[in-house]
Amino acid sequence: MAMATPTGNPIFNRMLNLRNVVKGNLVAGLLRFRQSTVPATKVAAPAVPPACLLGNGSKTVVHVLEVDALLLKCSPPSAAALFPPFFLVAVEAGSFARGLILLAIYPFLRLMTHALCVEAMVMVSFCGLRRDEAARIGRAVLPKHFFKDAACMQALGEAGATTTTTSDVKVAAVSRSFPTVMVEAFLKEYMGFDAVVGREVKAGCRYFAGVIDDGKTYTERLTAALKRAENKNTCNYPKPMIFHDGRLAFTPTPTAALAMYVYFPFAIVLAVVRIAIYTLLPRRVIGAAAALSGVRVRVTGAPPAAPNGENGAAGGRLYACNHRTLLDAIAISSALGKPVFAVTYSLSPLSELLSPIPLLRLTRGRDEDRRRMSSLLARGDVVVCPEGTTCREPYLLRLSPLFAELADEVSPVALDERSTMFYGTSTSPAAKCFDSVFFLMNPRPEYSVHFLEPVPTDNPRGSIEVANQVQGVLAGALGFTPTALTRKDKYLLLAGNEGVVATKRSKAT
């Protein structure tokens, strides 16, 4: 016999209603939790992006794609997903102090709506920044970040590849989370979009105000972006990415950025200790002391002992290496266990002061540089980096053939380095003087030095062929790709100049 329920009891009815509410909320919460823990599915590019017809009598058909879901790993964008690119702008275009302010307000950003979060990040990251410096970061730093951390690079590439040769059909990217200056270079030059429309930041003649200015509609801004694209001569960006700039060698998530700031004081102390080791201690104990401080120099291959030349004249050996950081020659000196001369095109006074080996500035005048290098070679071993500038990615730039005219043979040295927190290279004149310091601020900086077989320079096809041969030998040993790009190509892309600076007399002349 079924038990009758006391429906007339008000206490029982209240308890029953409470049970139903708790049960419903609990089930709904569990369902939401389950959905949030399911791994995010790969975002697919639409086969044909939505198209629109521009007004004002224009017959241009524009395929418009909102790219935020493809750039970020969550939709709608969260504060955690938006934080890394804005932090890069704050630190690279501003300062570490500005980045610390952005990190300090991050807990409050998590509580804001998407619109307020973007406005707050723009205010902290852009307020007072020079417009040209912010544009440089968008061109030289952020593309590397998006290449590495974009949610779906394949979808972006496919969408950008739908660009046709017909002038009446364009493909435009729209971002509602990032200012145009942050994403335009990446989406246009690397992904192939015809135009990019993002958030607009108020600015004066030279500086950003840090306030979002969305006075115009997206259609109006899209029309203006297409007109700018038609009138602007685009730079021939190398694809895949070969050149990039910036100081941070990791993705600055909030947790990683916090760890960096906690480590930063210890990093400065470590750098000072390591500099003291290389500049003050006797050479016979430098290797062991540097290893105890966390610096590792891994040496493979046997350096040739015989000096260059067969005419009986005393002299040193010429080492030609690829260029990774300003410490290349110091790494080779440490591997050889003896001092060497190093030649360079540009060098900051601070780096010259801290260098434990003699340095010689080159003048970029062929005859004068040959005379200076020959003079050094008569006094001892010389290390030269024929690329003329550093390259972070696994590529080799074209080698200047001057080194192949100085000795009967040249000894190639294949170098590689490992930076986990700070890059030891920069194209910014203000930051360049601290390149060596930042490399030594890494927790465990590492160099790989591989001595290769000497290459004769008596090639009947001339010094250019010898330089190409040495480039091929270095590329084969490192697994890098040789290119025909030069120092000028790098600086025009990253810094907007040819990388030529005024030089002073060197203490090694």
# chains A, B, ... in the order shown; residues from 1 in each chain; ligands from 1
$ residues_around --residues "Phe266 (chain A)" --least-positions-apart "5" --cutoff "12 Å" --atoms "only C-alpha atoms" --output "number ranges by chain"
A: 259-261, 271-273, 440-443
$ residues_around --residues "Ile277 (chain A)" --least-positions-apart "5" --cutoff "10 Å" --atoms "only C-alpha atoms" --output "PyMOL selection string"
chain A and resi 271-272+282-283+285-290+293+356
$ select_by_dssp --residues "region 379-509 of chain A" --states "strand (DSSP E or B)" --output "PyMOL selection string"
chain A and resi 382-384+395-396+409-418+422+446-451+455-456+481-482
$ select_by_dssp --residues "region 79-286 of chain A" --states "helix (DSSP H, G or I)" --output "PyMOL selection string"
chain A and resi 79-94+96-104+106-109+114-126+131-140+142-149+153-160+180-190+218-231+254-280+283-286
$ closest_residue --among "A:Glu200, A:Glu189, A:Asp68, A:Glu387" --to "Lys488 (chain A)" --atoms "only C-alpha atoms"
A:Glu387
$ atom_distance --atom1 "CA of Ser333 (chain A)" --atom2 "CA of Gly294 (chain A)"
18.1 Å
$ atom_distance --atom1 "CA of Ala209 (chain A)" --atom2 "CA of Arg131 (chain A)"
10.0 Å
$ atom_distance --atom1 "CA of Leu156 (chain A)" --atom2 "CA of Gly138 (chain A)"
17.6 Å
$ residues_around --residues "Val470 (chain A)" --least-positions-apart "3" --cutoff "10 Å" --atoms "only C-alpha atoms" --output "short mmCIF file (atom, residue, chain, number, x, y, z; two decimals) with all heavy atoms, in the first residue's frame"
data_model
loop_
_atom_site.label_atom_id
_atom_site.label_comp_id
_atom_site.auth_asym_id
_atom_site.auth_seq_id
_atom_site.Cartn_x
_atom_site.Cartn_y
_atom_site.Cartn_z
N ALA A 320 85.46 31.88 -37.99
CA ALA A 320 84.24 32.50 -38.51
C ALA A 320 83.04 31.75 -37.93
O ALA A 320 82.93 30.53 -38.10
CB ALA A 320 84.21 32.45 -40.04
N CYS A 321 82.16 32.48 -37.26
CA CYS A 321 81.03 31.83 -36.60
C CYS A 321 79.73 32.53 -36.99
O CYS A 321 79.73 33.67 -37.45
CB CYS A 321 81.20 31.85 -35.07
SG CYS A 321 81.20 33.51 -34.35
N ASN A 322 78.64 31.83 -36.81
CA ASN A 322 77.34 32.48 -36.93
C ASN A 322 77.10 33.34 -35.70
O ASN A 322 77.71 33.14 -34.65
CB ASN A 322 76.23 31.44 -37.10
CG ASN A 322 76.17 30.45 -35.94
OD1 ASN A 322 77.16 29.81 -35.61
ND2 ASN A 322 75.02 30.34 -35.31
N PRO A 386 80.56 36.92 -39.74
CA PRO A 386 80.33 37.52 -41.06
C PRO A 386 78.87 37.85 -41.36
O PRO A 386 78.61 38.58 -42.32
CB PRO A 386 80.85 36.44 -42.03
CG PRO A 386 81.69 35.52 -41.20
CD PRO A 386 81.10 35.56 -39.84
N LEU A 399 76.63 35.71 -45.58
CA LEU A 399 77.92 36.06 -44.97
C LEU A 399 78.66 37.07 -45.84
O LEU A 399 78.73 36.92 -47.07
CB LEU A 399 78.79 34.81 -44.78
CG LEU A 399 78.20 33.65 -43.99
CD1 LEU A 399 79.27 32.59 -43.73
CD2 LEU A 399 77.59 34.10 -42.69
N PRO A 401 81.84 38.43 -47.52
CA PRO A 401 83.01 37.64 -47.96
C PRO A 401 84.35 38.21 -47.54
O PRO A 401 85.39 37.61 -47.85
CB PRO A 401 82.87 37.67 -49.48
CG PRO A 401 82.19 38.96 -49.78
CD PRO A 401 81.24 39.20 -48.61
N ALA A 404 87.06 35.98 -45.92
CA ALA A 404 87.70 34.95 -46.74
C ALA A 404 88.93 35.48 -47.47
O ALA A 404 89.63 34.71 -48.15
CB ALA A 404 86.71 34.39 -47.75
N VAL A 410 90.08 29.28 -43.10
CA VAL A 410 89.23 29.80 -42.04
C VAL A 410 88.61 28.62 -41.30
O VAL A 410 88.27 27.60 -41.89
CB VAL A 410 88.14 30.74 -42.60
CG1 VAL A 410 87.27 30.00 -43.62
CG2 VAL A 410 87.29 31.33 -41.51
N SER A 411 88.50 28.76 -39.99
CA SER A 411 87.93 27.70 -39.16
C SER A 411 86.49 28.05 -38.78
O SER A 411 86.27 28.95 -37.96
CB SER A 411 88.77 27.51 -37.89
OG SER A 411 90.09 27.15 -38.21
N PRO A 412 85.49 27.39 -39.37
CA PRO A 412 84.10 27.67 -39.00
C PRO A 412 83.79 27.16 -37.59
O PRO A 412 84.26 26.10 -37.17
CB PRO A 412 83.28 26.90 -40.05
CG PRO A 412 84.26 26.52 -41.13
CD PRO A 412 85.59 26.40 -40.45
N VAL A 413 83.00 27.92 -36.87
CA VAL A 413 82.55 27.53 -35.53
C VAL A 413 81.03 27.70 -35.49
O VAL A 413 80.52 28.81 -35.67
CB VAL A 413 83.20 28.38 -34.43
CG1 VAL A 413 82.77 27.87 -33.05
CG2 VAL A 413 84.71 28.36 -34.55
N PRO A 454 88.65 23.11 -40.91
CA PRO A 454 89.00 24.35 -41.63
C PRO A 454 88.59 24.29 -43.11
O PRO A 454 88.58 23.22 -43.73
CB PRO A 454 90.51 24.45 -41.46
CG PRO A 454 90.82 23.61 -40.25
CD PRO A 454 89.82 22.50 -40.25
N VAL A 455 88.27 25.44 -43.65
CA VAL A 455 87.89 25.57 -45.05
C VAL A 455 88.96 26.39 -45.76
O VAL A 455 89.23 27.53 -45.37
CB VAL A 455 86.51 26.25 -45.19
CG1 VAL A 455 86.18 26.50 -46.66
CG2 VAL A 455 85.43 25.41 -44.53
N PRO A 456 89.61 25.86 -46.81
CA PRO A 456 90.61 26.65 -47.56
C PRO A 456 89.94 27.84 -48.26
O PRO A 456 88.78 27.77 -48.68
CB PRO A 456 91.16 25.65 -48.58
CG PRO A 456 90.76 24.30 -48.06
CD PRO A 456 89.50 24.48 -47.31
N THR A 457 90.70 28.91 -48.39
CA THR A 457 90.15 30.13 -49.01
C THR A 457 90.67 30.35 -50.42
O THR A 457 90.36 31.38 -51.03
CB THR A 457 90.49 31.35 -48.14
OG1 THR A 457 91.91 31.45 -48.02
CG2 THR A 457 89.87 31.24 -46.78
N ILE A 464 83.47 35.24 -52.47
CA ILE A 464 82.02 35.06 -52.30
C ILE A 464 81.67 33.58 -52.25
O ILE A 464 80.85 33.14 -51.44
CB ILE A 464 81.27 35.79 -53.43
CG1 ILE A 464 81.48 37.30 -53.34
CG2 ILE A 464 79.77 35.46 -53.37
CD1 ILE A 464 80.79 38.08 -54.43
N GLU A 465 82.31 32.80 -53.09
CA GLU A 465 82.04 31.36 -53.08
C GLU A 465 82.53 30.73 -51.78
O GLU A 465 81.90 29.81 -51.24
CB GLU A 465 82.73 30.70 -54.28
CG GLU A 465 82.41 29.22 -54.45
CD GLU A 465 80.94 28.97 -54.70
OE1 GLU A 465 80.26 29.85 -55.26
OE2 GLU A 465 80.47 27.87 -54.32
N VAL A 466 83.67 31.21 -51.25
CA VAL A 466 84.15 30.70 -49.96
C VAL A 466 83.15 31.03 -48.86
O VAL A 466 82.86 30.19 -48.00
CB VAL A 466 85.54 31.30 -49.64
CG1 VAL A 466 85.99 30.88 -48.24
CG2 VAL A 466 86.56 30.88 -50.67
N ALA A 467 82.62 32.27 -48.86
CA ALA A 467 81.64 32.65 -47.85
C ALA A 467 80.39 31.78 -47.94
O ALA A 467 79.84 31.35 -46.92
CB ALA A 467 81.27 34.13 -48.02
N VAL A 473 78.45 25.01 -44.57
CA VAL A 473 79.03 24.14 -43.53
C VAL A 473 78.39 24.44 -42.17
O VAL A 473 78.02 23.51 -41.43
CB VAL A 473 80.56 24.34 -43.49
CG1 VAL A 473 81.14 23.64 -42.27
CG2 VAL A 473 81.21 23.81 -44.76
N LEU A 474 78.24 25.72 -41.83
CA LEU A 474 77.62 26.09 -40.56
C LEU A 474 76.16 25.64 -40.51
O LEU A 474 75.70 25.12 -39.48
CB LEU A 474 77.72 27.60 -40.36
CG LEU A 474 79.12 28.18 -40.13
CD1 LEU A 474 79.05 29.71 -40.12
CD2 LEU A 474 79.71 27.66 -38.83
N ALA A 475 75.44 25.84 -41.61
CA ALA A 475 74.03 25.45 -41.64
C ALA A 475 73.88 23.94 -41.48
O ALA A 475 72.98 23.46 -40.78
CB ALA A 475 73.40 25.93 -42.95
N GLY A 476 74.76 23.18 -42.13
CA GLY A 476 74.68 21.73 -42.01
C GLY A 476 74.96 21.24 -40.60
O GLY A 476 74.31 20.31 -40.11
#
